[in-house]
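Here's the structure, in structure tokens; my notes come after.
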Amino acid sequence: MSVSAVVPAAVARPSRTLVCVPATARAPREMAAELGAAAALGADVAELRLDCLAGFAPRRDLPVLLAEPRPLPALVTYRPKWEGGEYEGEDEPRFEALLLAMELGAEYVDIELKVVDKFMKLVSGKKPENCKLIVSSHNFENTPSAEELGNLVAQIQATGADIVKIATTATEIVDVARMFQILVHCQEKQVPIIGLVMNDRGFISRILCPKYGGYLTFGSLEKGKKSAPAQPTAADLINLYNIRQIGPDTKVFGIIGKPVGHSKSPILHNEAFRSVGFNAVYVPFLVDDLVQFLSTYSSLDFAGFSCTIPHKEAAVRCCDEVDPIARDIGAVNTIVRRPDGKLVGYNTDYVGAISAIEDGIRASQPTDPTTSPLAGRLFVVIGAGGAGKALAYGAKEKGARVVIANRTFARAQELANLIAGPALTLAELENYHPEEGMILANTTAIGMHPNVNETPLSKQALKSYAVVFDAVYTPKETRLLREAAECGATVVSGLEMFIRQAMGQFEHFTGMPVDDDKFRGIANSLDNPDSMKPRL
């Protein structure tokens with residue numbers, strides 16, 4: 001199912017999507033303090049997770065939690081274990097606590113669909129007018145069909161719910177499209193709905209729900225305090241993803257990869273978009289099947305993508321048109337959807353990486369200004385994937401003698417044949433030093449966070465290299481670069497390649513020229529994302 005079929009025209013929303021921070025402290029006064037902290041972050045609502053409290057006594061603790069004036073409206077939830085919470089007792093005391101919360105002025109109360117009939121019998125007209133009842137359904141296994149989700153909405157509506165809440169689980173990222181379809185349907189019918197998809201493959205549902213009219217999304221107070229799988233922080237929702245600015249007309253860009261959680265691209269591109277007033281958001285797409293992803297999210301609203309491991313080569317086959325250089329390389333790291341819906345593939349990796357290495361050499365060694373400092377040099381590329389192809393192509397274009405090394409020899413041989421150079425296994429590379437002053441470029445994920453103690457080549461072998469480049473930029477100084485520097489080599493960080501290839505992507509995405517100084521200023525904050533000031 002394509003999102004283009006899901007989202008007809010932009011539908012005006014009744015109001016903006018609220019940001020709700022779950023308060024999950026173990027003690028009532030600490031939980032009350034979390035409300036204040038959530039308000040300071042710029043949240044709209046705080047969810048009081050009563051099931052997280054140790055030794056909770058409703059008549060003693062609820063007046064503390066709901067004391068006026070409150071820094072934020074309160075959503076009171078007392079989630080049982082059978083619906084993903086921590087409460088293990090009988091329903092009746094739980095219901096009584098929720099009724100008391102209503103009496104004490106809670107703005108929202110959440111009750112599970114499975115027991116709502118029993119709860120409504122107790123409420124019987126006691127619900128204050130200013131209290132909205134959220135009836136919720138959580139599916140921790142999968143995301144049902146659009147038809148089943150539609151039936152579930154109708155079932156929840158029939159209970160007398162003020163707000164429908166459905167949380168499902170993504171087994172693949174295309175599952176989220178069905179939730180977007182339901183959000184749009186409910187918005188057209190003016191049914192308030194919270195529709196979210198849990199875990200990493202469902203992450204985009206938490207960011208993009210304002211585009212499709214979701215009533216509310218959850219963001220944790222800080223990392224480690226999430227109340228559901230893959231829940232972002234409220235600070236990231238507000239400051240990184242600019243959720244307040246996301247609306248029906250917002251264009252969606254993002255990085256397609258597996259893994260993708262380590263990427264700094266959302267920080268860089270979202271800040272760059274904001275700096276030029278471009279109405280767009282950039283999100284991480286954890287994608288298993290590229291063909292299925294691109295055919296599902298096929299509307300013009302999904303306007304462009306960065307491609308990373310392991311999809312750069314498959315992206316060549318998925319595009320309707322491919323830039324000649326990207327086709328020669330055999331890898332695409334940038335996809336743009338044209339107004340006619342066609343996908344066009346580009347490669348900004350090769351210019352980003354090669355220029356970074358050239359400038360690194362020029363800054364540290366005397367060079368001939370009339371020619372590339374790579375010309376005539378022996379240039380060893382580790383890796384035969386998309387980034388390896390880009391580096392090999394770029395180095396050969398500059399006149400280098402290129403050697404390909406890879407764990408799998410057949411893959412190394414395949415790429416080596418394309419650039420008319422020799423191929424080696426990584427084991428053979430350990431003892432490969434035909435000459436001094438060689439250049440080494442690692443294009444694999446070896447050494448990337450969290451595997452920061454790994455390195456593709458021993459320190460002993462690094463002594464033959466005058467220049468070492470690592471495409472990995474998390475961490476900025478990998479073990480490979482640290483040990484190469486200790487051996488006296490000129491080192492070039494993958495962060496420099498990342499910045500340069502991203503500049504090329506920004507121009508493809510926006511059609512605007514990149515402001516080099518401004519872009520680098522944003523990129524320099526990547527080492528310290530907390531330095532980016534909150535925008536409330």
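By order of appearance in the structure tokens: chains A, B, ..., then residues from 1 within every chain, and ligands from 1 in the order shown.
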
Per residue of segment 120-142 of chain A within 12 Å of segment 71-74 of chain A, what are the shortest atom pair and its distance in Å to one decimal, counting only C-alpha atoms, with rows by chain and residue number, as a Markdown table?
| residue | atom | partner | partner_atom | distance |
| --- | --- | --- | --- | --- |
| A:Asn130 | CA | A:Pro73 | CA | 10.9 |
| A:Cys131 | CA | A:Ala74 | CA | 9.8 |
| A:Lys132 | CA | A:Ala74 | CA | 10.6 |

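Close contacts of Ile329 of chain A, defined as residues with an atom at most 9 Å away when counting only C-alpha atoms, with chain neighbours fewer than 6 positions off set aside, comprise Asn347, Tyr350, Gly386, Lys389, Ala390, Leu391, Ala392, Tyr393 and Gly394 of chain A.
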
Next, write the just-selected residues to a file, as a PDB file, in the first residue's frame, keeping all heavy atoms as the atom set.
ATOM      1  N   ASN A 347      25.546  10.258  -6.603  1.00  0.00           N
ATOM      2  CA  ASN A 347      26.559   9.845  -5.638  1.00  0.00           C
ATOM      3  C   ASN A 347      27.388  11.061  -5.241  1.00  0.00           C
ATOM      4  O   ASN A 347      28.108  11.625  -6.062  1.00  0.00           O
ATOM      5  CB  ASN A 347      27.473   8.755  -6.211  1.00  0.00           C
ATOM      6  CG  ASN A 347      28.341   8.134  -5.133  1.00  0.00           C
ATOM      7  OD1 ASN A 347      29.097   8.829  -4.467  1.00  0.00           O
ATOM      8  ND2 ASN A 347      28.219   6.826  -4.951  1.00  0.00           N
ATOM      9  N   TYR A 350      31.790  10.177  -3.485  1.00  0.00           N
ATOM     10  CA  TYR A 350      33.129  10.131  -4.068  1.00  0.00           C
ATOM     11  C   TYR A 350      33.801  11.496  -4.027  1.00  0.00           C
ATOM     12  O   TYR A 350      34.982  11.614  -3.700  1.00  0.00           O
ATOM     13  CB  TYR A 350      33.088   9.545  -5.491  1.00  0.00           C
ATOM     14  CG  TYR A 350      32.781  10.532  -6.584  1.00  0.00           C
ATOM     15  CD1 TYR A 350      33.791  11.055  -7.378  1.00  0.00           C
ATOM     16  CD2 TYR A 350      31.471  10.943  -6.815  1.00  0.00           C
ATOM     17  CE1 TYR A 350      33.505  11.966  -8.382  1.00  0.00           C
ATOM     18  CE2 TYR A 350      31.187  11.853  -7.815  1.00  0.00           C
ATOM     19  CZ  TYR A 350      32.193  12.362  -8.596  1.00  0.00           C
ATOM     20  OH  TYR A 350      31.915  13.276  -9.575  1.00  0.00           O
ATOM     21  N   GLY A 386      29.205   0.013  -1.395  1.00  0.00           N
ATOM     22  CA  GLY A 386      28.917   1.272  -2.074  1.00  0.00           C
ATOM     23  C   GLY A 386      29.963   2.339  -1.845  1.00  0.00           C
ATOM     24  O   GLY A 386      30.413   3.003  -2.782  1.00  0.00           O
ATOM     25  N   LYS A 389      33.237   1.432  -3.590  1.00  0.00           N
ATOM     26  CA  LYS A 389      33.165   1.704  -5.026  1.00  0.00           C
ATOM     27  C   LYS A 389      33.386   3.189  -5.315  1.00  0.00           C
ATOM     28  O   LYS A 389      34.086   3.555  -6.268  1.00  0.00           O
ATOM     29  CB  LYS A 389      31.802   1.263  -5.577  1.00  0.00           C
ATOM     30  CG  LYS A 389      31.645  -0.248  -5.669  1.00  0.00           C
ATOM     31  CD  LYS A 389      30.269  -0.624  -6.205  1.00  0.00           C
ATOM     32  CE  LYS A 389      30.195  -2.129  -6.463  1.00  0.00           C
ATOM     33  NZ  LYS A 389      28.872  -2.536  -6.957  1.00  0.00           N
ATOM     34  N   ALA A 390      32.790   4.055  -4.483  1.00  0.00           N
ATOM     35  CA  ALA A 390      32.934   5.498  -4.689  1.00  0.00           C
ATOM     36  C   ALA A 390      34.386   5.933  -4.511  1.00  0.00           C
ATOM     37  O   ALA A 390      34.915   6.716  -5.315  1.00  0.00           O
ATOM     38  CB  ALA A 390      32.032   6.257  -3.716  1.00  0.00           C
ATOM     39  N   LEU A 391      35.040   5.425  -3.456  1.00  0.00           N
ATOM     40  CA  LEU A 391      36.450   5.794  -3.212  1.00  0.00           C
ATOM     41  C   LEU A 391      37.354   5.259  -4.308  1.00  0.00           C
ATOM     42  O   LEU A 391      38.268   5.956  -4.779  1.00  0.00           O
ATOM     43  CB  LEU A 391      36.892   5.242  -1.856  1.00  0.00           C
ATOM     44  CG  LEU A 391      36.785   6.122  -0.612  1.00  0.00           C
ATOM     45  CD1 LEU A 391      37.811   7.230  -0.614  1.00  0.00           C
ATOM     46  CD2 LEU A 391      35.401   6.675  -0.438  1.00  0.00           C
ATOM     47  N   ALA A 392      37.116   4.011  -4.725  1.00  0.00           N
ATOM     48  CA  ALA A 392      37.950   3.407  -5.772  1.00  0.00           C
ATOM     49  C   ALA A 392      37.807   4.182  -7.077  1.00  0.00           C
ATOM     50  O   ALA A 392      38.795   4.495  -7.752  1.00  0.00           O
ATOM     51  CB  ALA A 392      37.560   1.941  -5.973  1.00  0.00           C
ATOM     52  N   TYR A 393      36.570   4.518  -7.433  1.00  0.00           N
ATOM     53  CA  TYR A 393      36.311   5.288  -8.661  1.00  0.00           C
ATOM     54  C   TYR A 393      37.003   6.651  -8.583  1.00  0.00           C
ATOM     55  O   TYR A 393      37.703   7.064  -9.517  1.00  0.00           O
ATOM     56  CB  TYR A 393      34.798   5.473  -8.834  1.00  0.00           C
ATOM     57  CG  TYR A 393      34.409   6.367  -9.983  1.00  0.00           C
ATOM     58  CD1 TYR A 393      34.177   5.863 -11.255  1.00  0.00           C
ATOM     59  CD2 TYR A 393      34.258   7.747  -9.789  1.00  0.00           C
ATOM     60  CE1 TYR A 393      33.817   6.695 -12.310  1.00  0.00           C
ATOM     61  CE2 TYR A 393      33.895   8.585 -10.838  1.00  0.00           C
ATOM     62  CZ  TYR A 393      33.678   8.057 -12.092  1.00  0.00           C
ATOM     63  OH  TYR A 393      33.321   8.879 -13.134  1.00  0.00           O
ATOM     64  N   GLY A 394      36.793   7.358  -7.455  1.00  0.00           N
ATOM     65  CA  GLY A 394      37.353   8.694  -7.311  1.00  0.00           C
ATOM     66  C   GLY A 394      38.872   8.700  -7.336  1.00  0.00           C
ATOM     67  O   GLY A 394      39.493   9.561  -7.971  1.00  0.00           O
TER      68      GLY A 394
END

Checklist entry - Hey, what does DSSP flag as helix (DSSP H, G or I) within segment 312-483 of chain A? Can you give it to me as a PyMOL selection string? => result chain A and resi 312-318+324-329+349-364+386-397+409-418+426-429+459-462+479-483

Item to check | Contacts of Ala441 of chain A within 8 Å, only C-alpha atoms, excl. fewer than 3 positions in-chain, as a PyMOL selection string | outcome: chain A and resi 379-382+391+468-471

Checklist entry - Do you have the atom CA of Ile173 of chain A-atom CA of Cys307 of chain A distance handy? => result 15.4 Å

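Ranking A:Val316, A:Lys211, A:His269, A:Ser295 by their shortest atom-to-atom distance to Ile499 of chain A, with only C-alpha atoms included, puts A:His269 first.
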
Item to check | From A:Trp82, A:Tyr108, A:Phe119, A:Phe180, residue lying nearest Phe95 of chain A [only C-alpha atoms] | outcome: A:Phe119

Checklist entry - Hey, can you check how far atom CA of Phe519 of chain A sits from atom CA of Arg274 of chain A? => result 11.5 Å

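With only C-alpha atoms as the atoms that count, the minimum distance from Val115 of chain A to the choices A:Val135, A:Leu48, A:Ala461, A:Ile238 is reached by A:Val135.
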
Next on the checklist: Considering only strand (DSSP E) as DSSP defines it on the backbone, what residues of segment 173-416 of chain A qualify? List them as a ChimeraX atom specification.
Outcome noted: /A:193-198,216-218,251-257,280-286,302-307,321-322,334-337,343-346,378-382,401-406

Next on the checklist: Can you tell me which residues surround Asp162 of chain A at a distance of at most 12 Å, considering only C-alpha atoms, apart from same-chain residues fewer than 6 positions away, and format the answer as a ChimeraX atom specification?
Outcome noted: /A:107-111,127,129-136,153,156,190-194,215

Residues within 10 Å of Thr17 of chain A, please, as an mmCIF file with N, CA, C and O atoms, in the first residue's frame. Count only C-alpha atoms; anything in the same chain fewer than 4 positions from it doesn't count.
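After the write, out11.cif holds the following:
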data_model
loop_
_atom_site.group_PDB
_atom_site.id
_atom_site.type_symbol
_atom_site.label_atom_id
_atom_site.label_comp_id
_atom_site.auth_asym_id
_atom_site.auth_seq_id
_atom_site.Cartn_x
_atom_site.Cartn_y
_atom_site.Cartn_z
ATOM 1 N N ARG A 13 -5.581 20.719 10.143
ATOM 2 C CA ARG A 13 -5.715 20.087 11.452
ATOM 3 C C ARG A 13 -6.474 20.999 12.406
ATOM 4 O O ARG A 13 -6.338 22.224 12.336
ATOM 5 N N ASP A 44 3.731 19.776 26.209
ATOM 6 C CA ASP A 44 2.359 20.278 26.342
ATOM 7 C C ASP A 44 1.580 19.551 27.428
ATOM 8 O O ASP A 44 0.634 20.099 28.002
ATOM 9 N N ILE A 194 -4.628 9.132 18.797
ATOM 10 C CA ILE A 194 -3.195 8.955 19.034
ATOM 11 C C ILE A 194 -2.849 7.632 18.358
ATOM 12 O O ILE A 194 -3.322 6.578 18.777
ATOM 13 N N CYS A 209 3.708 12.007 12.953
ATOM 14 C CA CYS A 209 2.264 12.025 13.241
ATOM 15 C C CYS A 209 1.637 13.422 13.099
ATOM 16 O O CYS A 209 0.463 13.508 12.700
ATOM 17 N N PRO A 210 2.351 14.536 13.356
ATOM 18 C CA PRO A 210 1.700 15.840 13.124
ATOM 19 C C PRO A 210 1.333 16.071 11.662
ATOM 20 O O PRO A 210 0.367 16.777 11.362
ATOM 21 N N LYS A 211 2.073 15.475 10.749
ATOM 22 C CA LYS A 211 1.786 15.636 9.323
ATOM 23 C C LYS A 211 0.436 15.034 8.971
ATOM 24 O O LYS A 211 -0.271 15.518 8.074
ATOM 25 N N TYR A 212 0.076 13.968 9.688
ATOM 26 C CA TYR A 212 -1.156 13.236 9.369
ATOM 27 C C TYR A 212 -2.272 13.457 10.389
ATOM 28 O O TYR A 212 -3.286 12.784 10.341
ATOM 29 N N GLY A 213 -2.055 14.408 11.313
ATOM 30 C CA GLY A 213 -3.150 14.802 12.196
ATOM 31 C C GLY A 213 -3.220 14.071 13.518
ATOM 32 O O GLY A 213 -4.274 14.098 14.171
ATOM 33 N N GLY A 214 -2.148 13.416 13.951
ATOM 34 C CA GLY A 214 -2.161 12.736 15.245
ATOM 35 C C GLY A 214 -2.390 13.720 16.387
ATOM 36 O O GLY A 214 -1.882 14.841 16.377
ATOM 37 N N TYR A 215 -3.159 13.296 17.380
ATOM 38 C CA TYR A 215 -3.520 14.177 18.496
ATOM 39 C C TYR A 215 -2.325 14.450 19.405
ATOM 40 O O TYR A 215 -2.145 15.561 19.909
ATOM 41 N N LEU A 216 -1.499 13.414 19.602
ATOM 42 C CA LEU A 216 -0.454 13.508 20.620
ATOM 43 C C LEU A 216 0.671 12.541 20.284
ATOM 44 O O LEU A 216 0.444 11.486 19.675
ATOM 45 N N THR A 217 1.888 12.885 20.658
ATOM 46 C CA THR A 217 3.012 11.961 20.561
ATOM 47 C C THR A 217 3.801 12.026 21.860
ATOM 48 O O THR A 217 3.756 13.038 22.572
ATOM 49 N N ILE A 243 9.273 19.472 15.704
ATOM 50 C CA ILE A 243 7.930 18.896 15.565
ATOM 51 C C ILE A 243 6.842 19.969 15.535
ATOM 52 O O ILE A 243 5.788 19.775 14.939
ATOM 53 N N ARG A 244 7.123 21.117 16.131
ATOM 54 C CA ARG A 244 6.121 22.206 16.130
ATOM 55 C C ARG A 244 5.869 22.742 14.718
ATOM 56 O O ARG A 244 4.827 23.327 14.447
ATOM 57 N N ILE A 246 6.065 20.821 11.901
ATOM 58 C CA ILE A 246 5.636 19.782 10.959
ATOM 59 C C ILE A 246 4.123 19.885 10.734
ATOM 60 O O ILE A 246 3.351 19.909 11.693
ATOM 61 N N GLY A 247 3.744 19.971 9.471
ATOM 62 C CA GLY A 247 2.325 20.065 9.125
ATOM 63 C C GLY A 247 2.044 19.305 7.844
ATOM 64 O O GLY A 247 2.924 18.626 7.297
#

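Residues surrounding Arg362 of chain A within 10 Å are Ala356, Asp368, Pro369, Ser372 and Pro373 of chain A [only C-alpha atoms; sequence separation below 6 positions excluded].
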
Exercise: Arg29 of chain A partners within 12 Å, only C-alpha atoms, chain neighbours under 2 positions left out, as a tab-separated table (two decimals) with all heavy atoms, in the first residue's frame:
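As a result, out25.tsv now contains:
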chain	number	residue	atom	x	y	z
A	23	ALA	N	5.98	10.69	32.95
A	23	ALA	CA	6.67	10.80	34.24
A	23	ALA	C	6.68	9.41	34.86
A	23	ALA	O	5.61	8.84	35.12
A	23	ALA	CB	5.96	11.80	35.13
A	24	THR	N	7.86	8.87	35.09
A	24	THR	CA	7.98	7.45	35.48
A	24	THR	C	8.77	7.25	36.78
A	24	THR	O	9.26	6.18	37.06
A	24	THR	CB	8.68	6.66	34.35
A	24	THR	OG1	9.96	7.24	34.09
A	24	THR	CG2	7.85	6.67	33.08
A	25	ALA	N	8.88	8.32	37.59
A	25	ALA	CA	9.63	8.22	38.85
A	25	ALA	C	8.97	7.23	39.80
A	25	ALA	O	7.78	6.93	39.68
A	25	ALA	CB	9.73	9.59	39.50
A	26	ARG	N	9.76	6.73	40.76
A	26	ARG	CA	9.24	5.73	41.71
A	26	ARG	C	8.55	6.37	42.91
A	26	ARG	O	7.80	5.70	43.63
A	26	ARG	CB	10.39	4.84	42.22
A	26	ARG	CG	11.28	4.24	41.16
A	26	ARG	CD	10.53	3.39	40.14
A	26	ARG	NE	10.05	2.12	40.65
A	26	ARG	CZ	9.36	1.24	39.93
A	26	ARG	NH1	9.09	1.51	38.65
A	26	ARG	NH2	8.96	0.11	40.48
A	27	ALA	N	8.82	7.66	43.17
A	27	ALA	CA	8.22	8.33	44.33
A	27	ALA	C	7.36	9.51	43.87
A	27	ALA	O	7.71	10.18	42.89
A	27	ALA	CB	9.33	8.84	45.26
A	31	MET	N	8.00	12.32	40.96
A	31	MET	CA	7.16	12.35	39.77
A	31	MET	C	6.58	13.74	39.56
A	31	MET	O	6.53	14.25	38.43
A	31	MET	CB	6.04	11.31	39.88
A	31	MET	CG	5.22	11.16	38.61
A	31	MET	SD	4.00	9.80	38.68
A	31	MET	CE	5.02	8.37	38.35
A	32	ALA	N	6.19	14.39	40.66
A	32	ALA	CA	5.68	15.76	40.55
A	32	ALA	C	6.76	16.69	40.01
A	32	ALA	O	6.49	17.59	39.20
A	32	ALA	CB	5.18	16.24	41.91
A	33	ALA	N	8.00	16.45	40.43
A	33	ALA	CA	9.11	17.26	39.94
A	33	ALA	C	9.34	17.03	38.45
A	33	ALA	O	9.75	17.95	37.72
A	33	ALA	CB	10.39	16.94	40.72
A	34	GLU	N	9.06	15.82	37.98
A	34	GLU	CA	9.22	15.52	36.56
A	34	GLU	C	8.24	16.35	35.71
A	34	GLU	O	8.55	16.68	34.56
A	34	GLU	CB	9.05	14.03	36.29
A	34	GLU	CG	10.22	13.20	36.79
A	34	GLU	CD	10.08	11.71	36.48
A	34	GLU	OE1	8.93	11.24	36.30
A	34	GLU	OE2	11.11	11.03	36.43
A	35	LEU	N	7.09	16.68	36.28
A	35	LEU	CA	6.15	17.54	35.56
A	35	LEU	C	6.78	18.89	35.27
A	35	LEU	O	6.67	19.44	34.16
A	35	LEU	CB	4.85	17.74	36.35
A	35	LEU	CG	3.69	16.79	36.02
A	35	LEU	CD1	4.01	15.39	36.48
A	35	LEU	CD2	2.40	17.29	36.66
A	36	GLY	N	7.46	19.43	36.28
A	36	GLY	CA	8.14	20.71	36.12
A	36	GLY	C	9.24	20.63	35.08
A	36	GLY	O	9.41	21.54	34.26
A	48	LEU	N	1.26	10.90	33.88
A	48	LEU	CA	1.60	10.36	35.20
A	48	LEU	C	1.42	8.85	35.16
A	48	LEU	O	0.29	8.34	35.15
A	48	LEU	CB	0.70	10.97	36.28
A	48	LEU	CG	0.72	12.50	36.38
A	48	LEU	CD1	-0.27	12.99	37.43
A	48	LEU	CD2	2.12	13.00	36.71
A	53	LEU	N	4.99	3.96	40.28
A	53	LEU	CA	5.21	4.38	41.66
A	53	LEU	C	5.35	3.18	42.59
A	53	LEU	O	4.58	2.22	42.51
A	53	LEU	CB	4.06	5.26	42.14
A	53	LEU	CG	3.96	6.65	41.50
A	53	LEU	CD1	2.62	7.29	41.83
A	53	LEU	CD2	5.11	7.54	41.97
A	54	ALA	N	6.32	3.27	43.50
A	54	ALA	CA	6.50	2.21	44.50
A	54	ALA	C	5.60	2.51	45.70
A	54	ALA	O	5.60	3.62	46.22
A	54	ALA	CB	7.96	2.15	44.94
A	56	PHE	N	2.33	2.87	45.86
A	56	PHE	CA	1.36	3.92	45.53
A	56	PHE	C	0.11	3.80	46.38
A	56	PHE	O	-0.53	2.74	46.46
A	56	PHE	CB	1.02	3.83	44.04
A	56	PHE	CG	-0.09	4.74	43.60
A	56	PHE	CD1	-0.01	6.11	43.80
A	56	PHE	CD2	-1.22	4.22	42.97
A	56	PHE	CE1	-1.03	6.96	43.38
A	56	PHE	CE2	-2.24	5.05	42.54
A	56	PHE	CZ	-2.15	6.43	42.75
A	60	ARG	N	-3.43	9.31	49.28
A	60	ARG	CA	-2.28	10.06	49.82
A	60	ARG	C	-1.49	10.73	48.69
A	60	ARG	O	-1.06	11.88	48.80
A	60	ARG	CB	-1.37	9.09	50.59
A	60	ARG	CG	-0.10	9.73	51.16
A	60	ARG	CD	0.90	8.67	51.59
A	60	ARG	NE	1.46	7.95	50.44
A	60	ARG	CZ	2.05	6.76	50.52
A	60	ARG	NH1	2.14	6.12	51.67
A	60	ARG	NH2	2.54	6.19	49.42
A	61	ASP	N	-1.28	10.00	47.58
A	61	ASP	CA	-0.32	10.44	46.57
A	61	ASP	C	-0.93	11.27	45.44
A	61	ASP	O	-0.27	12.19	44.91
A	61	ASP	CB	0.39	9.22	45.96
A	61	ASP	CG	1.20	8.45	47.00
A	61	ASP	OD1	1.62	9.08	47.99
A	61	ASP	OD2	1.41	7.24	46.81
A	62	LEU	N	-2.17	10.98	45.05
A	62	LEU	CA	-2.75	11.72	43.92
A	62	LEU	C	-2.91	13.22	44.21
A	62	LEU	O	-2.66	14.04	43.32
A	62	LEU	CB	-4.08	11.10	43.50
A	62	LEU	CG	-3.97	9.90	42.56
A	62	LEU	CD1	-5.33	9.25	42.32
A	62	LEU	CD2	-3.34	10.30	41.21
A	63	PRO	N	-3.31	13.63	45.43
A	63	PRO	CA	-3.38	15.07	45.70
A	63	PRO	C	-2.02	15.78	45.55
A	63	PRO	O	-1.97	16.94	45.15
A	63	PRO	CB	-3.86	15.13	47.16
A	63	PRO	CG	-4.64	13.86	47.35
A	63	PRO	CD	-3.89	12.84	46.55
A	64	VAL	N	-0.93	15.05	45.83
A	64	VAL	CA	0.41	15.62	45.64
A	64	VAL	C	0.69	15.78	44.14
A	64	VAL	O	1.17	16.81	43.68
A	64	VAL	CB	1.49	14.71	46.28
A	64	VAL	CG1	2.90	15.20	45.95
A	64	VAL	CG2	1.28	14.63	47.79
A	65	LEU	N	0.37	14.72	43.38
A	65	LEU	CA	0.68	14.71	41.95
A	65	LEU	C	-0.18	15.70	41.16
A	65	LEU	O	0.27	16.26	40.16
A	65	LEU	CB	0.48	13.30	41.39
A	65	LEU	CG	1.47	12.24	41.89
A	65	LEU	CD1	0.99	10.85	41.50
A	65	LEU	CD2	2.85	12.50	41.31
A	66	LEU	N	-1.42	15.89	41.63
A	66	LEU	CA	-2.35	16.73	40.86
A	66	LEU	C	-2.61	18.07	41.54
A	66	LEU	O	-3.60	18.75	41.23
A	66	LEU	CB	-3.67	15.97	40.66
A	66	LEU	CG	-3.56	14.72	39.77
A	66	LEU	CD1	-4.84	13.90	39.81
A	66	LEU	CD2	-3.22	15.11	38.33
A	67	ALA	N	-1.72	18.46	42.46
A	67	ALA	CA	-1.89	19.73	43.17
A	67	ALA	C	-1.87	20.89	42.19
A	67	ALA	O	-1.11	20.91	41.23
A	67	ALA	CB	-0.76	19.89	44.20

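Taking atom CA of Leu196 of chain A and atom CA of Val287 of chain A as endpoints, the distance between them is 17.9 Å.
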
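Nearest-residue note for Val281 of chain A: choosing from A:Lys225, A:Asp91, A:Arg317, A:Ile207, the minimum distance belongs to A:Ile207, counting only C-alpha atoms.
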